[in-house]
>>> print(open('coords_27.tsv').read())   # TSV, C-alpha atoms and all ligand atoms
chain	number	residue	atom	x	y	z
A	1	MET	CA	-68.86	-28.72	-62.23
A	2	SER	CA	-67.99	-32.10	-60.77
A	3	ASP	CA	-66.25	-32.68	-57.48
A	4	THR	CA	-63.91	-35.24	-59.04
A	5	ALA	CA	-60.29	-34.34	-58.37
A	6	ASP	CA	-57.92	-33.63	-61.28
A	7	LEU	CA	-55.09	-35.79	-59.98
A	8	LEU	CA	-54.63	-38.25	-57.14
A	9	PHE	CA	-51.16	-38.99	-55.73
A	10	THR	CA	-51.27	-42.49	-54.25
A	11	ASN	CA	-48.89	-44.99	-52.70
A	12	LEU	CA	-46.99	-42.48	-50.61
A	13	HIS	CA	-46.41	-41.26	-47.07
A	14	LEU	CA	-47.19	-37.66	-46.14
A	15	ALA	CA	-45.27	-35.31	-43.88
A	16	THR	CA	-47.92	-32.60	-43.71
A	17	MET	CA	-45.82	-30.40	-41.36
A	18	VAL	CA	-48.95	-29.63	-39.33
A	19	ASN	CA	-48.10	-30.25	-35.66
A	20	GLY	CA	-44.53	-31.39	-36.23
A	21	TYR	CA	-44.01	-33.82	-39.08
A	22	GLY	CA	-47.76	-34.56	-39.17
A	23	GLU	CA	-47.09	-38.00	-40.65
A	24	ILE	CA	-49.78	-39.94	-42.50
A	25	ARG	CA	-48.50	-43.31	-43.72
A	26	ASP	CA	-49.91	-45.21	-46.70
A	27	ALA	CA	-51.71	-42.07	-47.79
A	28	ALA	CA	-53.09	-40.31	-50.82
A	29	LEU	CA	-53.44	-36.65	-51.75
A	30	ALA	CA	-55.87	-35.21	-54.29
A	31	VAL	CA	-55.37	-32.01	-56.30
A	32	LYS	CA	-58.03	-29.91	-57.98
A	33	ASP	CA	-57.48	-26.61	-59.79
A	34	GLY	CA	-53.89	-26.50	-58.55
A	35	ARG	CA	-54.84	-26.81	-54.88
A	36	ILE	CA	-54.91	-29.61	-52.36
A	37	ALA	CA	-58.49	-30.89	-52.43
A	38	TRP	CA	-58.17	-33.86	-50.07
A	39	LEU	CA	-55.57	-35.84	-48.16
A	40	GLY	CA	-55.75	-38.86	-45.89
A	41	PRO	CA	-55.41	-42.64	-45.74
A	42	ARG	CA	-55.11	-44.22	-49.17
A	43	ALA	CA	-58.09	-46.50	-48.51
A	44	ASP	CA	-60.40	-43.45	-48.27
A	45	ALA	CA	-59.14	-41.68	-51.40
A	46	PRO	CA	-61.79	-39.91	-53.53
A	47	PRO	CA	-62.19	-40.48	-57.31
A	48	ALA	CA	-59.92	-38.51	-59.65
A	49	MET	CA	-59.46	-37.99	-63.38
A	50	ALA	CA	-55.91	-39.33	-63.19
A	51	GLN	CA	-53.62	-41.11	-60.73
A	52	HIS	CA	-49.93	-40.73	-60.00
A	53	ASP	CA	-48.37	-43.76	-58.27
A	54	CYS	CA	-45.57	-42.43	-56.05
A	55	GLY	CA	-43.98	-45.85	-55.50
A	56	GLY	CA	-43.83	-45.54	-51.73
A	57	ALA	CA	-42.13	-42.12	-51.73
A	58	TRP	CA	-42.54	-39.48	-49.02
A	59	MET	CA	-44.29	-36.24	-49.90
A	60	THR	CA	-43.62	-32.95	-48.12
A	61	PRO	CA	-44.72	-29.41	-48.88
A	62	GLY	CA	-42.43	-27.93	-51.54
A	63	LEU	CA	-39.40	-26.45	-49.81
A	64	VAL	CA	-39.19	-22.69	-49.29
A	65	ASP	CA	-35.84	-20.86	-49.34
A	66	CYS	CA	-36.88	-17.66	-47.56
A	67	HIS	CA	-33.58	-15.68	-47.63
A	68	THR	CA	-31.37	-15.45	-50.71
A	69	HIS	CA	-29.28	-12.96	-52.68
A	70	ILE	CA	-29.21	-15.45	-55.56
A	71	VAL	CA	-29.54	-12.84	-58.35
A	72	HIS	CA	-26.13	-11.18	-58.72
A	73	ALA	CA	-23.27	-11.00	-61.19
A	74	GLY	CA	-19.70	-12.17	-60.80
A	75	ASN	CA	-18.23	-14.32	-58.10
A	76	ARG	CA	-15.66	-13.86	-55.38
A	77	SER	CA	-13.78	-17.14	-55.41
A	78	ASN	CA	-10.68	-15.14	-56.35
A	79	GLU	CA	-10.84	-13.19	-53.08
A	80	TRP	CA	-11.57	-16.30	-51.11
A	81	GLU	CA	-8.55	-18.02	-52.63
A	82	ALA	CA	-6.35	-14.96	-52.03
A	83	ARG	CA	-7.36	-14.92	-48.37
A	84	LEU	CA	-6.58	-18.60	-48.00
A	85	ASN	CA	-3.19	-17.84	-49.52
A	86	GLY	CA	-2.56	-15.27	-46.83
A	87	ALA	CA	-3.92	-11.99	-48.22
A	88	SER	CA	-5.37	-9.72	-45.55
A	89	TYR	CA	-8.80	-8.16	-45.59
A	90	GLU	CA	-7.11	-4.80	-46.23
A	91	ASP	CA	-5.23	-6.16	-49.27
A	92	ILE	CA	-8.52	-7.31	-50.72
A	93	ALA	CA	-10.34	-4.08	-49.88
A	94	ARG	CA	-7.51	-2.06	-51.44
A	95	GLN	CA	-7.94	-4.04	-54.66
A	96	GLY	CA	-11.61	-3.05	-54.63
A	97	GLY	CA	-12.79	-6.42	-53.33
A	98	GLY	CA	-15.61	-7.44	-51.03
A	99	ILE	CA	-19.23	-6.53	-51.48
A	100	MET	CA	-18.32	-3.61	-53.79
A	101	SER	CA	-16.84	-6.00	-56.34
A	102	THR	CA	-20.25	-7.68	-56.58
A	103	VAL	CA	-21.90	-4.26	-56.80
A	104	ARG	CA	-19.60	-3.30	-59.71
A	105	ALA	CA	-20.25	-6.57	-61.55
A	106	THR	CA	-24.00	-6.30	-60.95
A	107	ARG	CA	-24.15	-2.68	-62.11
A	108	GLU	CA	-22.46	-3.69	-65.38
A	109	ALA	CA	-24.87	-6.58	-66.02
A	110	ASP	CA	-28.09	-6.23	-68.00
A	111	VAL	CA	-31.14	-8.31	-67.06
A	112	ASP	CA	-30.21	-11.11	-69.49
A	113	THR	CA	-26.68	-11.33	-68.08
A	114	LEU	CA	-28.04	-11.41	-64.53
A	115	LEU	CA	-30.40	-14.19	-65.55
A	116	ALA	CA	-27.72	-16.17	-67.39
A	117	GLN	CA	-25.60	-16.18	-64.23
A	118	SER	CA	-28.43	-16.70	-61.75
A	119	LEU	CA	-30.65	-19.32	-63.39
A	120	PRO	CA	-28.12	-22.18	-62.95
A	121	ARG	CA	-27.92	-21.39	-59.23
A	122	VAL	CA	-31.70	-21.33	-58.99
A	123	ALA	CA	-32.00	-24.58	-60.94
A	124	ARG	CA	-29.65	-26.24	-58.45
A	125	LEU	CA	-31.90	-25.14	-55.57
A	126	LEU	CA	-35.02	-26.28	-57.41
A	127	SER	CA	-33.55	-29.73	-57.98
A	128	GLU	CA	-33.89	-30.19	-54.21
A	129	GLY	CA	-37.63	-29.68	-54.09
A	130	VAL	CA	-37.69	-25.91	-53.62
A	131	THR	CA	-40.95	-24.45	-54.96
A	132	THR	CA	-40.77	-20.94	-53.42
A	133	LEU	CA	-37.76	-18.68	-53.34
A	134	GLU	CA	-37.14	-15.26	-51.85
A	135	ILE	CA	-34.74	-13.06	-53.83
A	136	LYS	CA	-33.29	-9.81	-52.50
A	137	SER	CA	-31.93	-6.83	-54.37
A	138	GLY	CA	-29.02	-4.98	-52.77
A	139	TYR	CA	-26.06	-5.30	-55.15
A	140	GLY	CA	-27.23	-2.46	-57.40
A	141	LEU	CA	-27.56	0.38	-54.88
A	142	ASP	CA	-28.87	2.80	-57.49
A	143	LEU	CA	-32.34	2.99	-58.99
A	144	ALA	CA	-31.56	1.49	-62.39
A	145	SER	CA	-29.41	-1.34	-61.04
A	146	GLU	CA	-31.77	-2.27	-58.21
A	147	ALA	CA	-34.63	-2.27	-60.74
A	148	ARG	CA	-32.66	-4.63	-63.03
A	149	MET	CA	-32.01	-7.01	-60.14
A	150	LEU	CA	-35.68	-7.07	-59.18
A	151	ARG	CA	-36.84	-7.47	-62.78
A	152	ALA	CA	-34.41	-10.37	-63.15
A	153	ALA	CA	-35.82	-11.85	-59.93
A	154	ARG	CA	-39.37	-11.62	-61.29
A	155	GLN	CA	-38.19	-13.25	-64.53
A	156	VAL	CA	-36.68	-16.15	-62.60
A	157	GLY	CA	-40.26	-16.96	-61.62
A	158	GLN	CA	-41.35	-16.85	-65.28
A	159	ARG	CA	-38.44	-18.85	-66.67
A	160	LEU	CA	-38.39	-21.61	-64.05
A	161	PRO	CA	-41.12	-23.45	-62.14
A	162	VAL	CA	-40.82	-21.51	-58.88
A	163	ARG	CA	-42.80	-18.89	-56.98
A	164	VAL	CA	-40.56	-15.87	-56.34
A	165	ALA	CA	-40.99	-13.38	-53.49
A	166	THR	CA	-38.89	-10.24	-54.02
A	167	THR	CA	-37.34	-8.14	-51.27
A	168	PHE	CA	-35.91	-4.64	-51.67
A	169	LEU	CA	-32.54	-4.47	-49.87
A	170	GLY	CA	-31.33	-1.09	-51.06
A	171	ALA	CA	-30.04	-0.55	-47.51
A	172	HIS	CA	-27.46	-3.34	-47.89
A	173	ALA	CA	-24.30	-1.23	-48.25
A	174	LEU	CA	-23.42	2.39	-48.87
A	175	PRO	CA	-22.68	3.01	-52.57
A	176	PRO	CA	-19.42	4.90	-53.27
A	177	GLU	CA	-21.22	7.94	-54.67
A	178	PHE	CA	-22.77	8.46	-51.21
A	179	ALA	CA	-19.53	7.93	-49.23
A	180	GLY	CA	-19.80	9.79	-45.93
A	181	ARG	CA	-23.48	10.60	-46.61
A	182	ALA	CA	-25.38	7.56	-45.41
A	183	ASP	CA	-28.40	9.61	-44.32
A	184	ASP	CA	-28.66	11.16	-47.77
A	185	TYR	CA	-28.60	7.66	-49.28
A	186	VAL	CA	-31.39	6.53	-46.93
A	187	ASP	CA	-33.37	9.63	-47.99
A	188	ALA	CA	-32.95	8.56	-51.62
A	189	LEU	CA	-34.01	5.00	-50.78
A	190	CYS	CA	-37.12	6.10	-48.88
A	191	GLU	CA	-38.27	8.99	-51.00
A	192	ASP	CA	-37.31	7.94	-54.49
A	193	MET	CA	-36.08	4.39	-55.09
A	194	LEU	CA	-38.45	2.35	-52.95
A	195	PRO	CA	-41.66	4.18	-53.99
A	196	ARG	CA	-40.76	3.88	-57.68
A	197	LEU	CA	-39.83	0.20	-57.49
A	198	ALA	CA	-42.94	-0.56	-55.47
A	199	GLN	CA	-45.03	1.34	-58.02
A	200	GLU	CA	-43.62	-0.95	-60.73
A	201	GLY	CA	-44.78	-3.96	-58.68
A	202	LEU	CA	-41.24	-5.17	-58.08
A	203	VAL	CA	-41.24	-5.23	-54.26
A	204	ASP	CA	-42.98	-7.75	-52.01
A	205	ALA	CA	-41.10	-6.82	-48.80
A	206	VAL	CA	-38.40	-4.46	-47.49
A	207	ASP	CA	-35.17	-5.49	-45.73
A	208	ALA	CA	-32.05	-3.70	-44.43
A	209	PHE	CA	-28.61	-4.63	-43.09
A	210	CYS	CA	-28.68	-3.21	-39.54
A	211	GLU	CA	-25.12	-3.47	-38.27
A	212	ARG	CA	-22.13	-1.35	-37.23
A	213	ILE	CA	-20.76	-1.86	-40.76
A	214	GLY	CA	-24.24	-1.47	-42.28
A	215	PHE	CA	-27.08	0.89	-41.39
A	216	SER	CA	-27.99	2.29	-37.97
A	217	ASN	CA	-31.23	1.59	-36.10
A	218	ALA	CA	-32.45	5.12	-36.88
A	219	GLN	CA	-31.76	4.64	-40.59
A	220	THR	CA	-33.39	1.20	-40.53
A	221	GLU	CA	-36.45	2.67	-38.84
A	222	ARG	CA	-36.75	5.24	-41.60
A	223	MET	CA	-36.72	2.40	-44.16
A	224	PHE	CA	-39.46	0.64	-42.21
A	225	LEU	CA	-41.59	3.79	-42.03
A	226	ALA	CA	-41.24	4.19	-45.79
A	227	ALA	CA	-42.27	0.55	-46.23
A	228	ARG	CA	-45.28	1.10	-43.97
A	229	ARG	CA	-46.40	4.10	-46.01
A	230	LEU	CA	-46.46	1.81	-49.05
A	231	GLY	CA	-48.19	-1.03	-47.19
A	232	LEU	CA	-45.16	-3.34	-47.56
A	233	PRO	CA	-44.08	-5.85	-44.89
A	234	VAL	CA	-40.57	-5.64	-43.41
A	235	LYS	CA	-37.78	-8.02	-42.40
A	236	LEU	CA	-34.23	-7.39	-41.22
A	237	HIS	CA	-30.63	-8.65	-41.31
A	238	ALA	CA	-30.20	-8.39	-37.55
A	239	GLU	CA	-27.62	-9.34	-34.93
A	240	GLN	CA	-25.33	-11.11	-37.43
A	241	LEU	CA	-22.04	-9.66	-36.20
A	242	SER	CA	-23.06	-7.75	-33.05
A	243	ASP	CA	-26.15	-7.04	-30.93
A	244	GLN	CA	-27.76	-3.87	-32.29
A	245	GLN	CA	-31.24	-4.78	-31.00
A	246	GLY	CA	-32.37	-4.81	-34.61
A	247	ALA	CA	-34.65	-7.76	-33.94
A	248	GLN	CA	-36.58	-5.65	-31.41
A	249	LEU	CA	-36.92	-2.92	-34.00
A	250	VAL	CA	-38.31	-5.24	-36.68
A	251	ALA	CA	-40.61	-6.87	-34.10
A	252	ARG	CA	-41.94	-3.43	-33.15
A	253	PHE	CA	-42.99	-3.01	-36.79
A	254	GLY	CA	-44.71	-6.42	-36.74
A	255	GLY	CA	-42.03	-7.64	-39.14
A	256	LEU	CA	-42.18	-10.96	-40.96
A	257	SER	CA	-38.70	-12.06	-39.86
A	258	ALA	CA	-35.40	-11.20	-38.25
A	259	ASP	CA	-32.53	-13.01	-39.98
A	260	HIS	CA	-29.05	-14.30	-38.90
A	261	LEU	CA	-29.40	-13.59	-35.12
A	262	GLU	CA	-26.11	-15.02	-33.84
A	263	HIS	CA	-25.87	-12.16	-31.30
A	264	LEU	CA	-29.58	-12.08	-30.35
A	265	SER	CA	-30.47	-11.05	-26.76
A	266	GLN	CA	-33.24	-12.45	-24.56
A	267	ALA	CA	-35.12	-9.11	-24.71
A	268	SER	CA	-35.16	-9.39	-28.50
A	269	ILE	CA	-36.32	-13.01	-28.35
A	270	ASP	CA	-39.23	-11.92	-26.13
A	271	ALA	CA	-40.11	-9.09	-28.52
A	272	MET	CA	-40.06	-11.51	-31.49
A	273	ALA	CA	-42.27	-13.98	-29.63
A	274	ARG	CA	-44.83	-11.28	-28.85
A	275	ALA	CA	-44.87	-10.00	-32.42
A	276	GLY	CA	-44.84	-13.42	-34.12
A	277	THR	CA	-41.68	-12.47	-36.01
A	278	VAL	CA	-39.93	-15.55	-37.46
A	279	ALA	CA	-36.24	-16.22	-36.68
A	280	VAL	CA	-34.52	-17.01	-39.99
A	281	LEU	CA	-31.34	-19.01	-39.35
A	282	LEU	CA	-28.54	-18.90	-41.91
A	283	PRO	CA	-25.91	-21.51	-41.05
A	284	GLY	CA	-24.15	-21.17	-44.42
A	285	ALA	CA	-22.89	-17.67	-43.57
A	286	TYR	CA	-21.88	-18.76	-40.06
A	287	TYR	CA	-19.93	-21.67	-41.53
A	288	PHE	CA	-18.30	-19.77	-44.39
A	289	LEU	CA	-17.24	-16.89	-42.10
A	290	ARG	CA	-16.06	-19.39	-39.48
A	291	GLU	CA	-18.09	-17.56	-36.84
A	292	THR	CA	-18.08	-18.93	-33.32
A	293	VAL	CA	-21.06	-17.28	-31.60
A	294	GLN	CA	-24.13	-19.43	-32.20
A	295	PRO	CA	-27.70	-18.13	-32.37
A	296	PRO	CA	-29.58	-18.83	-29.11
A	297	ILE	CA	-31.52	-21.85	-30.39
A	298	ALA	CA	-32.59	-23.19	-26.98
A	299	ALA	CA	-33.95	-19.79	-25.89
A	300	LEU	CA	-35.79	-19.32	-29.20
A	301	ARG	CA	-37.31	-22.77	-28.79
A	302	GLU	CA	-38.27	-22.03	-25.20
A	303	ALA	CA	-39.96	-18.76	-26.24
A	304	LYS	CA	-41.78	-20.58	-29.07
A	305	VAL	CA	-40.37	-18.30	-31.74
A	306	ALA	CA	-40.84	-20.02	-35.11
A	307	MET	CA	-37.43	-20.81	-36.63
A	308	ALA	CA	-36.83	-20.94	-40.39
A	309	VAL	CA	-33.68	-22.15	-42.18
A	310	ALA	CA	-32.43	-20.62	-45.45
A	311	THR	CA	-29.34	-20.63	-47.67
A	312	ASP	CA	-28.54	-16.86	-47.71
A	313	CYS	CA	-27.11	-17.70	-51.15
A	314	ASN	CA	-24.67	-14.82	-51.85
A	315	PRO	CA	-21.16	-14.55	-53.31
A	316	GLY	CA	-19.48	-13.08	-50.23
A	317	THR	CA	-20.55	-15.02	-47.16
A	318	SER	CA	-22.66	-18.00	-48.26
A	319	PRO	CA	-22.03	-19.25	-51.80
A	320	MET	CA	-24.53	-22.02	-51.19
A	321	THR	CA	-27.25	-23.44	-53.41
A	322	SER	CA	-28.42	-26.36	-51.25
A	323	LEU	CA	-31.26	-25.89	-48.79
A	324	LEU	CA	-30.87	-29.52	-47.68
A	325	LEU	CA	-27.28	-28.75	-46.72
A	326	ALA	CA	-28.43	-25.66	-44.79
A	327	MET	CA	-30.84	-27.94	-42.89
A	328	ASN	CA	-28.03	-30.37	-42.10
A	329	MET	CA	-25.80	-27.53	-40.91
A	330	ALA	CA	-28.56	-26.12	-38.68
A	331	CYS	CA	-28.81	-29.55	-37.01
A	332	THR	CA	-25.09	-30.33	-36.88
A	333	LEU	CA	-23.75	-26.91	-35.92
A	334	TRP	CA	-26.64	-25.56	-33.82
A	335	ARG	CA	-28.53	-28.66	-32.66
A	336	LEU	CA	-31.85	-28.04	-34.33
A	337	THR	CA	-33.82	-31.27	-34.47
A	338	PRO	CA	-34.39	-32.69	-37.98
A	339	GLN	CA	-38.08	-31.91	-37.48
A	340	GLU	CA	-37.30	-28.27	-36.65
A	341	ALA	CA	-35.04	-28.08	-39.71
A	342	LEU	CA	-37.81	-29.38	-41.99
A	343	LEU	CA	-40.38	-27.04	-40.41
A	344	GLY	CA	-37.77	-24.34	-40.98
A	345	ALA	CA	-37.67	-25.04	-44.71
A	346	THR	CA	-41.46	-25.41	-45.09
A	347	ALA	CA	-44.12	-24.04	-42.69
A	348	HIS	CA	-41.94	-21.52	-40.88
A	349	ALA	CA	-40.19	-20.34	-44.05
A	350	ALA	CA	-43.62	-19.71	-45.58
A	351	ARG	CA	-44.48	-17.55	-42.55
A	352	ALA	CA	-41.22	-15.63	-42.94
A	353	LEU	CA	-42.58	-14.58	-46.36
A	354	GLY	CA	-46.14	-13.94	-45.20
A	355	LEU	CA	-47.29	-16.83	-47.43
A	356	GLN	CA	-48.50	-19.17	-44.68
A	357	GLU	CA	-52.09	-19.17	-45.98
A	358	GLU	CA	-50.94	-20.39	-49.40
A	359	ILE	CA	-47.99	-22.75	-48.91
A	360	GLY	CA	-45.73	-24.41	-46.34
A	361	THR	CA	-47.94	-27.28	-45.13
A	362	LEU	CA	-50.05	-30.01	-46.71
A	363	GLU	CA	-53.59	-28.84	-45.92
A	364	VAL	CA	-56.80	-28.76	-47.91
A	365	GLY	CA	-57.11	-25.46	-49.77
A	366	LYS	CA	-53.40	-24.73	-49.93
A	367	CYS	CA	-51.54	-24.49	-53.21
A	368	ALA	CA	-50.37	-27.92	-54.48
A	369	ASP	CA	-46.64	-27.08	-54.28
A	370	LEU	CA	-45.18	-30.44	-53.26
A	371	ALA	CA	-41.94	-32.43	-53.20
A	372	LEU	CA	-41.58	-36.22	-53.50
A	373	TRP	CA	-38.59	-37.92	-51.89
A	374	ASP	CA	-36.99	-41.37	-52.00
A	375	ILE	CA	-36.30	-41.54	-48.28
A	376	ALA	CA	-37.09	-43.90	-45.41
A	377	ARG	CA	-38.27	-41.20	-43.00
A	378	PRO	CA	-38.49	-37.38	-42.92
A	379	ALA	CA	-35.30	-37.00	-40.85
A	380	ASP	CA	-33.32	-38.27	-43.87
A	381	LEU	CA	-33.75	-34.85	-45.51
A	382	ALA	CA	-31.52	-33.17	-42.93
A	383	TYR	CA	-29.34	-36.23	-42.32
A	384	ALA	CA	-27.56	-36.81	-45.62
A	385	ILE	CA	-24.71	-34.50	-46.68
A	386	GLY	CA	-24.48	-33.80	-50.41
A	387	PHE	CA	-27.12	-36.34	-51.38
A	388	ASN	CA	-30.30	-35.31	-53.15
A	389	PRO	CA	-33.16	-37.80	-52.72
A	390	CYS	CA	-35.72	-35.61	-54.54
A	391	ARG	CA	-37.68	-37.79	-56.98
A	392	SER	CA	-40.00	-35.17	-58.44
A	393	VAL	CA	-41.63	-31.85	-57.69
A	394	VAL	CA	-45.17	-30.52	-58.08
A	395	ASN	CA	-45.84	-26.82	-58.77
A	396	GLY	CA	-49.51	-25.86	-58.47
A	397	GLY	CA	-50.51	-29.43	-59.25
A	398	ILE	CA	-48.15	-29.80	-62.25
A	399	VAL	CA	-45.60	-32.62	-61.85
A	400	ARG	CA	-42.00	-31.98	-63.00
A	401	ALA	CA	-38.70	-33.85	-62.85
A	402	ALA	CA	-36.47	-32.82	-59.96
A	403	HIS	CA	-33.52	-32.01	-62.23
A	404	LEU	CA	-33.88	-28.98	-64.49
A	405	SER	CA	-31.58	-27.94	-67.29
A	406	VAL	CA	-31.25	-24.24	-68.02
A	501	LIG	N1	-24.98	-10.13	-44.58
A	501	LIG	C1	-24.21	-10.99	-45.24
A	501	LIG	O1	-23.69	-11.95	-44.75
A	501	LIG	C2	-24.20	-10.63	-46.66
A	501	LIG	N2	-25.02	-9.47	-46.66
A	501	LIG	C3	-25.44	-9.23	-45.43
A	501	LIG	O2	-26.19	-8.29	-45.18
A	501	LIG	C4	-22.84	-10.31	-47.24
A	501	LIG	C5	-22.96	-9.93	-48.65
A	501	LIG	C6	-21.67	-9.94	-49.40
A	501	LIG	O3	-20.57	-9.99	-48.84
A	501	LIG	O4	-21.75	-9.90	-50.65
A	502	FE	FE	-28.47	-12.12	-46.33
>>> encode(input="coords_27.tsv", output="structure tokens", more="lines below")
Ligand code: DI6
Ligand code: FE
Amino acid sequence: MSDTADLLFTNLHLATMVNGYGEIRDAALAVKDGRIAWLGPRADAPPAMAQHDCGGAWMTPGLVDCHTHIVHAGNRSNEWEARLNGASYEDIARQGGGIMSTVRATREADVDTLLAQSLPRVARLLSEGVTTLEIKSGYGLDLASEARMLRAARQVGQRLPVRVATTFLGAHALPPEFAGRADDYVDALCEDMLPRLAQEGLVDAVDAFCERIGFSNAQTERMFLAARRLGLPVKLHAEQLSDQQGAQLVARFGGLSADHLEHLSQASIDAMARAGTVAVLLPGAYYFLRETVQPPIAALREAKVAMAVATDCNPGTSPMTSLLLAMNMACTLWRLTPQEALLGATAHAARALGLQEEIGTLEVGKCADLALWDIARPADLAYAIGFNPCRSVVNGGIVRAAHLSV
């Protein structure tokens, strides 16, 4: 076996995302067997079977959207419009609206219908250089419907050039058949649904919605214990609407991430820092809900908690399929630096999925999941609003056009 690389990307600048941007100008990057085999100054490039002239583009790690509910059926623009025309929350709830309308639509959808509705959203994300995508269940809320969501999520990764990490979010809302019996529902999740779905290989991580209107800390802890019994990592929707100290709970379990975090306390920040739990920031939901309490960015930065940025793509609170826009919002609304935003969509997002050994930075040995951009400098990725400078994308060493038709 020769040491000659399969493919050499030349005439480009690298943002390796190791120690900040980790810029290497006038660089080259070699791929062998789908992995990064070498990177450095163009003048030192090794021989390769083929060359790809990048025309002076910038290359970053492929982007990672580490928090989405992108597989679901139906949409809630009707409710959104009704509210903007003066309907109250109660009016909408009385007409069966809100999260339960998505649950009804998702329960009625077979896997092909879920895919038909979800693939265009995913394709939109992938056109912006996303190469890894987390997809949560949580709009089925019964075994068969949660299984369909997770099977559809796995199929997204077979139908489109993207690595998919699945998360079981059965503890997202209380299904109507368990009204008034939340503990019985959590029993069903822990003892029946999660073990079966994990057995089928459908679950990479376990999440819950820990909130006054969601699940209690005690119920969340039972989910985490069930996950631990199955050897699955945990993450948590925490401190989105109020401080429940959910982030401390997920940190105590060595969780991958705590997500949302607008109402995060200093004690929880300290617990996350000690545990290495990533703070996943979701500015789309903050924007769409017109929230006013910002996550404590300066304190997270001070405590050296890794911050990720994701779309939270969902029909109720963040109907968003642009990770670049989420990065812009994190900078504009919350004062992340453009470098933090890009780390948040690459290296730190990979950590939030436990995939930091495989993806998230440009380093020898990592998977060759890459994005090429027609930009002047890395900050341009968070700067522009509604502009997509992605020139092409590389999945495991295979080059594809940025735009995909599904
Ligand atoms: N937090 C949210 O913002 C979404 N889920 C969650 O746990 C809302 C989901 C929806 O309204 O459909
Ligand atoms: Fe979410």
>>> residues_around(input="coords_27.tsv", residues="Ile135 of chain A", least_positions_apart="2", cutoff="9 Å", atoms="all atoms listed in the file", output="list of chain:residue names")
A:Cys66, A:His67, A:Thr68, A:His69, A:Ile70, A:Val71, A:Leu133, A:Ser137, A:Leu150, A:Ala153, A:Arg154, A:Val164, A:Ala165, A:Thr166, A:Thr167, A:Phe168
>>> atom_distance(input="coords_27.tsv", atom1="atom CA of Leu261 of chain A", atom2="atom CA of Asp204 of chain A")
22.4 Å
>>> residues_around(input="coords_27.tsv", residues="Ser265 of chain A", least_positions_apart="2", cutoff="12 Å", atoms="all atoms listed in the file", output="PyMOL selection string")
chain A and resi 238-240+242-248+261-263+267-272+294-297+299-300
>>> residues_around(input="coords_27.tsv", residues="Pro195 of chain A", least_positions_apart="2", cutoff="12 Å", atoms="all atoms listed in the file", output="compact mmCIF listing (two decimals) with C-alpha atoms, in the coordinates of the input")
# COMPACT_ATOMS: atom_id res chain seq x y z
CA LEU A 143 -32.34 2.99 -58.99
CA ALA A 147 -34.63 -2.27 -60.74
CA PHE A 168 -35.91 -4.64 -51.67
CA GLY A 170 -31.33 -1.09 -51.06
CA ASP A 187 -33.37 9.63 -47.99
CA ALA A 188 -32.95 8.56 -51.62
CA LEU A 189 -34.01 5.00 -50.78
CA CYS A 190 -37.12 6.10 -48.88
CA GLU A 191 -38.27 8.99 -51.00
CA ASP A 192 -37.31 7.94 -54.49
CA MET A 193 -36.08 4.39 -55.09
CA LEU A 197 -39.83 0.20 -57.49
CA ALA A 198 -42.94 -0.56 -55.47
CA GLN A 199 -45.03 1.34 -58.02
CA GLU A 200 -43.62 -0.95 -60.73
CA GLY A 201 -44.78 -3.96 -58.68
CA LEU A 202 -41.24 -5.17 -58.08
CA VAL A 203 -41.24 -5.23 -54.26
CA VAL A 206 -38.40 -4.46 -47.49
CA MET A 223 -36.72 2.40 -44.16
CA LEU A 225 -41.59 3.79 -42.03
CA ALA A 226 -41.24 4.19 -45.79
CA ALA A 227 -42.27 0.55 -46.23
CA ARG A 228 -45.28 1.10 -43.97
CA ARG A 229 -46.40 4.10 -46.01
CA LEU A 230 -46.46 1.81 -49.05
CA GLY A 231 -48.19 -1.03 -47.19
CA LEU A 232 -45.16 -3.34 -47.56
>>> residues_near_point(input="coords_27.tsv", point="(-36.0, -19.5, -38.0)", cutoff="7 Å", atoms="all atoms listed in the file", output="PyMOL selection string")
chain A and resi 278-281+306-309+344+348
>>> axis_aligned_box(input="coords_27.tsv", around="segment 388-394 of chain A", padding_each_side="6 Å", output="AutoDock Vina command-line options")
--center_x -37.7 --center_y -34.2 --center_z -55.6 --size_x 26.9 --size_y 19.3 --size_z 17.7
>>> closest_atom_pairs(input="coords_27.tsv", of="chain A", to="ligand LIG 501 (chain A)", cutoff="7 Å", atoms="only C-alpha atoms and all ligand atoms", output="Markdown table")
| residue | atom | partner | partner_atom | distance |
| --- | --- | --- | --- | --- |
| A:Gly98 | CA | A:LIG501 | O3 | 6.0 |
| A:Ile99 | CA | A:LIG501 | O4 | 4.3 |
| A:Thr102 | CA | A:LIG501 | O4 | 6.5 |
| A:His172 | CA | A:LIG501 | O2 | 5.8 |
| A:Phe209 | CA | A:LIG501 | O2 | 4.9 |
| A:His237 | CA | A:LIG501 | O2 | 5.9 |
| A:Ala285 | CA | A:LIG501 | O1 | 5.9 |
| A:Asn314 | CA | A:LIG501 | O4 | 5.8 |
| A:Pro315 | CA | A:LIG501 | O4 | 5.4 |
| A:Gly316 | CA | A:LIG501 | O3 | 3.6 |
| A:Thr317 | CA | A:LIG501 | O1 | 5.0 |
>>> write_last_selection(input="coords_27.tsv", atoms="C-alpha atoms", output="compact mmCIF listing (two decimals), in the frame of the given file")
# COMPACT_ATOMS: atom_id res chain seq x y z
CA GLY A 98 -15.61 -7.44 -51.03
CA ILE A 99 -19.23 -6.53 -51.48
CA THR A 102 -20.25 -7.68 -56.58
CA HIS A 172 -27.46 -3.34 -47.89
CA PHE A 209 -28.61 -4.63 -43.09
CA HIS A 237 -30.63 -8.65 -41.31
CA ALA A 285 -22.89 -17.67 -43.57
CA ASN A 314 -24.67 -14.82 -51.85
CA PRO A 315 -21.16 -14.55 -53.31
CA GLY A 316 -19.48 -13.08 -50.23
CA THR A 317 -20.55 -15.02 -47.16
